[in-house]
Structures are given as C-alpha cells and as structure tokens.
>>> print(open('start-v3.csv').read())   # CSV, C-alpha atoms
chain,number,residue,atom,x,y,z
M,1,MET,CA,-26.1,-126.9,13.5
M,2,LEU,CA,-22.4,-127.3,13.1
M,3,ARG,CA,-22.9,-129.0,9.8
M,4,THR,CA,-25.0,-126.1,8.4
M,5,ARG,CA,-22.5,-123.6,9.6
M,6,SER,CA,-19.6,-125.4,7.8
M,7,ILE,CA,-21.7,-125.7,4.7
M,8,GLY,CA,-22.6,-122.0,4.8
M,9,PHE,CA,-19.0,-121.1,5.5
M,10,SER,CA,-17.7,-123.2,2.6
M,11,LEU,CA,-20.4,-121.7,0.2
M,12,PHE,CA,-19.5,-118.2,1.3
M,13,PHE,CA,-15.7,-119.0,0.9
M,14,THR,CA,-16.3,-120.5,-2.6
M,15,LEU,CA,-18.4,-117.5,-3.7
M,16,ALA,CA,-15.8,-115.1,-2.4
M,17,LEU,CA,-13.1,-117.0,-4.1
M,18,CYS,CA,-15.0,-117.1,-7.4
M,19,LEU,CA,-15.5,-113.4,-7.3
M,20,ALA,CA,-12.0,-112.4,-6.3
M,21,LEU,CA,-9.9,-114.9,-8.3
M,22,PRO,CA,-10.5,-113.4,-11.8
M,23,HIS,CA,-9.6,-109.9,-10.5
M,24,ALA,CA,-6.5,-111.2,-8.9
M,25,LEU,CA,-5.4,-113.2,-12.0
M,26,LEU,CA,-6.2,-110.4,-14.5
M,27,GLY,CA,-5.2,-107.5,-12.3
M,28,GLN,CA,-1.9,-107.1,-14.1
M,29,ASP,CA,-3.6,-106.9,-17.5
M,30,SER,CA,-5.7,-104.0,-16.6
M,31,THR,CA,-5.2,-101.1,-19.1
M,32,ASP,CA,-6.9,-98.4,-17.1
M,33,VAL,CA,-4.2,-98.3,-14.4
M,34,LYS,CA,-0.8,-97.0,-15.4
M,35,ARG,CA,2.2,-97.6,-13.1
M,36,GLY,CA,5.8,-96.5,-13.5
M,37,ARG,CA,7.4,-94.5,-16.3
M,38,LYS,CA,6.2,-94.7,-19.9
M,39,TYR,CA,8.7,-96.6,-22.0
M,40,LYS,CA,10.3,-94.6,-24.8
M,41,ALA,CA,12.2,-96.6,-27.4
M,42,PRO,CA,15.7,-95.4,-28.1
M,43,PRO,CA,16.2,-93.6,-31.4
M,44,VAL,CA,17.3,-95.4,-34.5
M,45,THR,CA,21.1,-95.3,-34.8
M,46,SER,CA,23.6,-95.3,-37.7
M,47,HIS,CA,26.7,-97.3,-38.2
M,48,ILE,CA,29.6,-94.9,-38.9
M,49,GLU,CA,33.1,-96.1,-40.0
M,50,VAL,CA,36.0,-93.6,-40.2
M,51,MET,CA,39.1,-94.7,-42.1
M,52,VAL,CA,42.2,-92.6,-41.2
M,53,VAL,CA,45.2,-92.7,-43.6
M,54,LYS,CA,48.3,-90.7,-44.4
M,55,LYS,CA,47.7,-88.4,-47.4
M,56,PHE,CA,51.2,-88.7,-48.8
M,57,ASN,CA,51.3,-92.5,-49.0
M,58,GLY,CA,47.8,-93.8,-48.2
M,59,LYS,CA,49.0,-96.0,-45.3
M,60,PRO,CA,46.6,-96.4,-42.3
M,61,ILE,CA,47.3,-94.5,-39.0
M,62,PRO,CA,46.8,-96.7,-36.0
M,63,ASN,CA,45.8,-95.4,-32.5
M,64,ALA,CA,44.6,-92.0,-33.8
M,65,ALA,CA,41.8,-90.4,-31.7
M,66,VAL,CA,38.5,-90.0,-33.5
M,67,ILE,CA,36.1,-87.8,-31.6
M,68,PHE,CA,32.4,-87.8,-32.5
M,69,ASP,CA,30.3,-84.8,-31.3
M,70,SER,CA,26.7,-85.2,-32.3
M,71,THR,CA,23.7,-82.9,-32.2
M,72,LEU,CA,20.1,-83.9,-33.0
M,73,ASP,CA,17.4,-81.1,-33.6
M,74,GLY,CA,19.7,-78.5,-32.0
M,75,LYS,CA,20.2,-80.6,-28.8
M,76,ASP,CA,23.7,-81.7,-28.0
M,77,GLU,CA,23.9,-85.5,-27.7
M,78,GLY,CA,27.3,-85.6,-26.2
M,79,ASN,CA,30.7,-86.7,-27.6
M,80,LEU,CA,32.5,-90.0,-27.8
M,81,GLU,CA,36.2,-90.8,-28.5
M,82,VAL,CA,37.2,-94.0,-30.3
M,83,LYS,CA,40.8,-95.0,-31.2
M,84,THR,CA,41.6,-96.4,-34.6
M,85,ASP,CA,42.6,-100.1,-34.9
M,86,PRO,CA,45.8,-101.2,-36.7
M,87,ASP,CA,44.0,-100.9,-40.0
M,88,GLY,CA,43.2,-97.2,-39.3
M,89,LYS,CA,39.5,-97.8,-38.8
M,90,ALA,CA,37.3,-96.4,-36.1
M,91,THR,CA,33.7,-97.7,-35.9
M,92,ILE,CA,30.7,-96.5,-33.8
M,93,ASP,CA,27.1,-97.6,-33.7
M,94,VAL,CA,25.4,-95.2,-31.2
M,95,ILE,CA,25.0,-92.0,-33.3
M,96,PRO,CA,21.2,-91.3,-33.9
M,97,THR,CA,20.2,-91.3,-37.5
M,98,GLY,CA,19.4,-87.7,-38.8
M,99,SER,CA,21.9,-86.1,-36.5
M,100,THR,CA,24.7,-83.7,-37.4
M,101,VAL,CA,28.1,-85.1,-36.4
M,102,ARG,CA,31.4,-83.2,-36.0
M,103,VAL,CA,34.2,-85.6,-36.6
M,104,GLN,CA,37.6,-84.6,-35.2
M,105,VAL,CA,40.8,-86.7,-35.8
M,106,ILE,CA,43.9,-86.2,-33.7
M,107,ALA,CA,47.1,-88.2,-34.5
M,108,ALA,CA,50.7,-87.6,-33.3
M,109,GLY,CA,52.8,-85.9,-36.0
M,110,PHE,CA,49.8,-84.8,-38.1
M,111,ALA,CA,47.6,-81.7,-38.3
M,112,THR,CA,44.3,-82.0,-36.6
M,113,PHE,CA,41.3,-82.8,-38.9
M,114,ALA,CA,37.7,-81.6,-38.2
M,115,ASP,CA,34.6,-81.6,-40.4
M,116,GLU,CA,30.8,-81.8,-39.9
M,117,TYR,CA,28.6,-84.5,-41.5
M,118,VAL,CA,24.8,-85.1,-41.6
M,119,VAL,CA,24.1,-88.7,-40.9
M,120,ALA,CA,20.8,-89.4,-42.8
M,121,GLU,CA,21.4,-93.0,-43.7
M,122,SER,CA,21.8,-96.1,-41.6
M,123,SER,CA,25.5,-96.7,-42.6
M,124,ARG,CA,28.1,-94.0,-43.4
M,125,GLN,CA,31.8,-94.4,-44.3
M,126,ILE,CA,34.1,-91.4,-43.9
M,127,ALA,CA,37.6,-91.3,-45.3
M,128,VAL,CA,40.1,-88.9,-43.7
M,129,SER,CA,43.6,-88.2,-45.2
M,130,MET,CA,45.9,-86.7,-42.6
M,131,ILE,CA,48.6,-84.2,-43.6
M,132,ARG,CA,51.7,-83.0,-41.9
M,133,PRO,CA,51.4,-79.8,-39.8
M,134,GLN,CA,51.6,-76.6,-41.9
M,135,GLU,CA,52.7,-73.1,-41.0
M,136,GLN,CA,50.1,-71.1,-39.2
M,137,VAL,CA,47.9,-68.7,-41.1
M,138,SER,CA,49.2,-65.2,-40.9
M,139,SER,CA,47.9,-61.9,-42.3
M,140,TYR,CA,51.5,-60.6,-42.7
M,141,VAL,CA,53.2,-63.5,-44.5
M,142,ASP,CA,51.8,-66.0,-47.1
M,143,ASN,CA,52.5,-69.4,-45.5
M,144,SER,CA,50.2,-71.4,-47.7
M,145,GLY,CA,51.9,-74.7,-48.8
M,146,LYS,CA,54.9,-74.2,-46.5
M,147,SER,CA,55.6,-77.0,-44.1
M,148,SER,CA,56.1,-76.3,-40.5
M,149,GLU,CA,59.6,-75.7,-39.2
M,150,ARG,CA,58.7,-77.4,-35.9
M,151,LYS,CA,59.1,-81.1,-35.5
M,152,PRO,CA,56.1,-83.2,-34.4
M,153,GLY,CA,55.8,-84.0,-30.7
M,154,VAL,CA,56.4,-81.9,-27.5
M,155,GLN,CA,59.0,-79.3,-27.9
M,156,GLU,CA,60.5,-76.7,-25.6
M,157,PRO,CA,60.7,-73.2,-26.9
M,158,ILE,CA,64.1,-72.0,-28.1
M,159,ARG,CA,65.6,-69.7,-25.4
M,160,GLN,CA,68.7,-67.7,-25.8
M,161,ALA,CA,71.5,-68.7,-23.5
M,162,PRO,CA,72.3,-66.0,-20.9
M,163,PRO,CA,75.5,-64.1,-21.6
M,164,ALA,CA,78.5,-65.7,-20.0
M,165,ALA,CA,79.5,-63.7,-16.9
M,166,LYS,CA,83.1,-62.2,-17.0
M,167,PRO,CA,85.2,-63.8,-14.2
M,168,ALA,CA,85.9,-61.3,-11.4
M,169,PRO,CA,89.4,-60.0,-11.5
M,170,THR,CA,91.7,-61.7,-9.1
M,171,PRO,CA,93.4,-59.4,-6.6
M,172,PRO,CA,97.2,-59.4,-6.5
M,173,PRO,CA,98.7,-61.9,-4.1
M,174,VAL,CA,99.4,-60.5,-0.6
M,175,ILE,CA,103.0,-60.9,0.5
M,176,PRO,CA,103.2,-61.3,4.2
M,177,PRO,CA,105.6,-58.9,6.0
M,178,ASP,CA,109.1,-60.2,6.7
M,179,THR,CA,109.4,-61.1,10.4
M,180,THR,CA,113.0,-62.4,10.4
M,181,PRO,CA,115.6,-60.3,12.3
M,182,LYS,CA,118.2,-58.3,10.2
M,183,GLN,CA,121.9,-58.6,10.8
>>> encode(input="start-v3.csv", output="structure tokens")
Amino acid sequence: MLRTRSIGFSLFFTLALCLALPHALLGQDSTDVKRGRKYKAPPVTSHIEVMVVKKFNGKPIPNAAVIFDSTLDGKDEGNLEVKTDPDGKATIDVIPTGSTVRVQVIAAGFATFADEYVVAESSRQIAVSMIRPQEQVSSYVDNSGKSSERKPGVQEPIRQAPPAAKPAPTPPPVIPPDTTPKQ
C-alpha cells in the first residue's frame, strides 16, 4: 500500500510539474499581460557647434556663455548653458532635430548676441561674430554706428560730489578778566 501511494504521489507530482513548468518558464514572454510603463524612445538629436569670434580681428573668445533655448512643436524643451573652450567653440548634442533653438551668447566686454535657428539637419554649425557694445537706440538721437562711452565691465554711475561746506566762522577769542590787584 505504501508503495502504490508513493508511485501515485510521484505520478501526480510529475504530471503537475509537466503542466506548470512551461507556464513558469514562458511566463515572462507572455504578450497579453503588460506590466510597467510603455517605453518611449528619446527623440533624434542634432549635433550643434557654435564658434564665437571677435568681429574686428576674427580671434576666438574663450569662456563665453552660449545659452540654448529650444522649443519643439510649440512646447518649451528647456534651456542649457555651455561655455566656449579656448578655441571659442561650444558643442551640444541634446537638442531634438526639428526644433527651433534660440542661441544667446554673452561675453565680457561684448554686446550680447541672440538669434533663432531651425535645426532640421543632424549637424549644424553656427558662427557668431561679437561686436563691442554700441550706444543704445534712441528716438531722439541717431546713435547708429557710435561706440559706447561706457567701458566694459561693472561700473558705478557718475555722481556729482556734494558741494564743500563752508567752515563755520570762528568766534573771537575770549579774554579772561584781569584778576590782579591794581596799585
């Protein structure tokens, strides 16, 4: 009786194992059950290289701030700032292809540059020639072509010195009364 029970138990165990094992091994390959988030591939990106030089002599400007502000299909993708290397180049590889990019360049001693570009190709080179600061645009005076009178860098406004105060008149010296006896 014990032998038939152990044979029956081992047949039952073998049958259960044969039925359950394929489901356990192939359970991860099941396509009808979806778990987790659906994977969305990142967009195709473009390689953008900005070369920043001085307009008057063509020499590169190192350590200039190049700011990329991209929009794709009207949605703001954020902005990134990259500094130029000693050769005046700033390179970025994360801007999605097909987006509109506003490139802004800020360098000490130069007027700020800003322009928009449509990045439709996989690689784009942008050359920026920086100029010295110009006089501000005014509706009263024609300042076109005039260089700025202010020097580059941080400056304090010119303030008039307060008028020198007149010294207060000095009172005449006080002579003490004569206390010596008269003869």
>>> atom_distance(input="start-v3.csv", atom1="atom CA of M:Ala65", atom2="atom CA of M:Thr100")
19.2 Å
>>> closest_atom_pairs(input="start-v3.csv", of="stretch 94-134 of chain M", to="stretch 40-64 of chain M", cutoff="9 Å", atoms="all atoms listed in the file", output="Markdown table")
| residue | atom | partner | partner_atom | distance |
| --- | --- | --- | --- | --- |
| M:Val94 | CA | M:Thr45 | CA | 5.6 |
| M:Ile95 | CA | M:Thr45 | CA | 5.3 |
| M:Pro96 | CA | M:Thr45 | CA | 4.1 |
| M:Thr97 | CA | M:Thr45 | CA | 4.9 |
| M:Gly98 | CA | M:Ser46 | CA | 8.8 |
| M:Val103 | CA | M:Val50 | CA | 9.0 |
| M:Val105 | CA | M:Ala64 | CA | 6.8 |
| M:Ile106 | CA | M:Ala64 | CA | 5.8 |
| M:Ala107 | CA | M:Ala64 | CA | 4.6 |
| M:Ala108 | CA | M:Ala64 | CA | 7.5 |
| M:Phe110 | CA | M:Lys54 | CA | 8.8 |
| M:Val119 | CA | M:Ser46 | CA | 7.4 |
| M:Ala120 | CA | M:Ser46 | CA | 8.3 |
| M:Glu121 | CA | M:Ser46 | CA | 6.8 |
| M:Ser122 | CA | M:Ser46 | CA | 4.4 |
| M:Ser123 | CA | M:His47 | CA | 4.6 |
| M:Arg124 | CA | M:Ile48 | CA | 4.8 |
| M:Gln125 | CA | M:Glu49 | CA | 4.8 |
| M:Ile126 | CA | M:Val50 | CA | 4.7 |
| M:Ala127 | CA | M:Met51 | CA | 4.9 |
| M:Val128 | CA | M:Val52 | CA | 4.9 |
| M:Ser129 | CA | M:Lys55 | CA | 4.7 |
| M:Met130 | CA | M:Lys54 | CA | 5.0 |
| M:Ile131 | CA | M:Lys55 | CA | 5.7 |
| M:Arg132 | CA | M:Lys55 | CA | 8.7 |
>>> atom_distance(input="start-v3.csv", atom1="atom CA of M:Asp73", atom2="atom CA of M:Val118")
11.6 Å
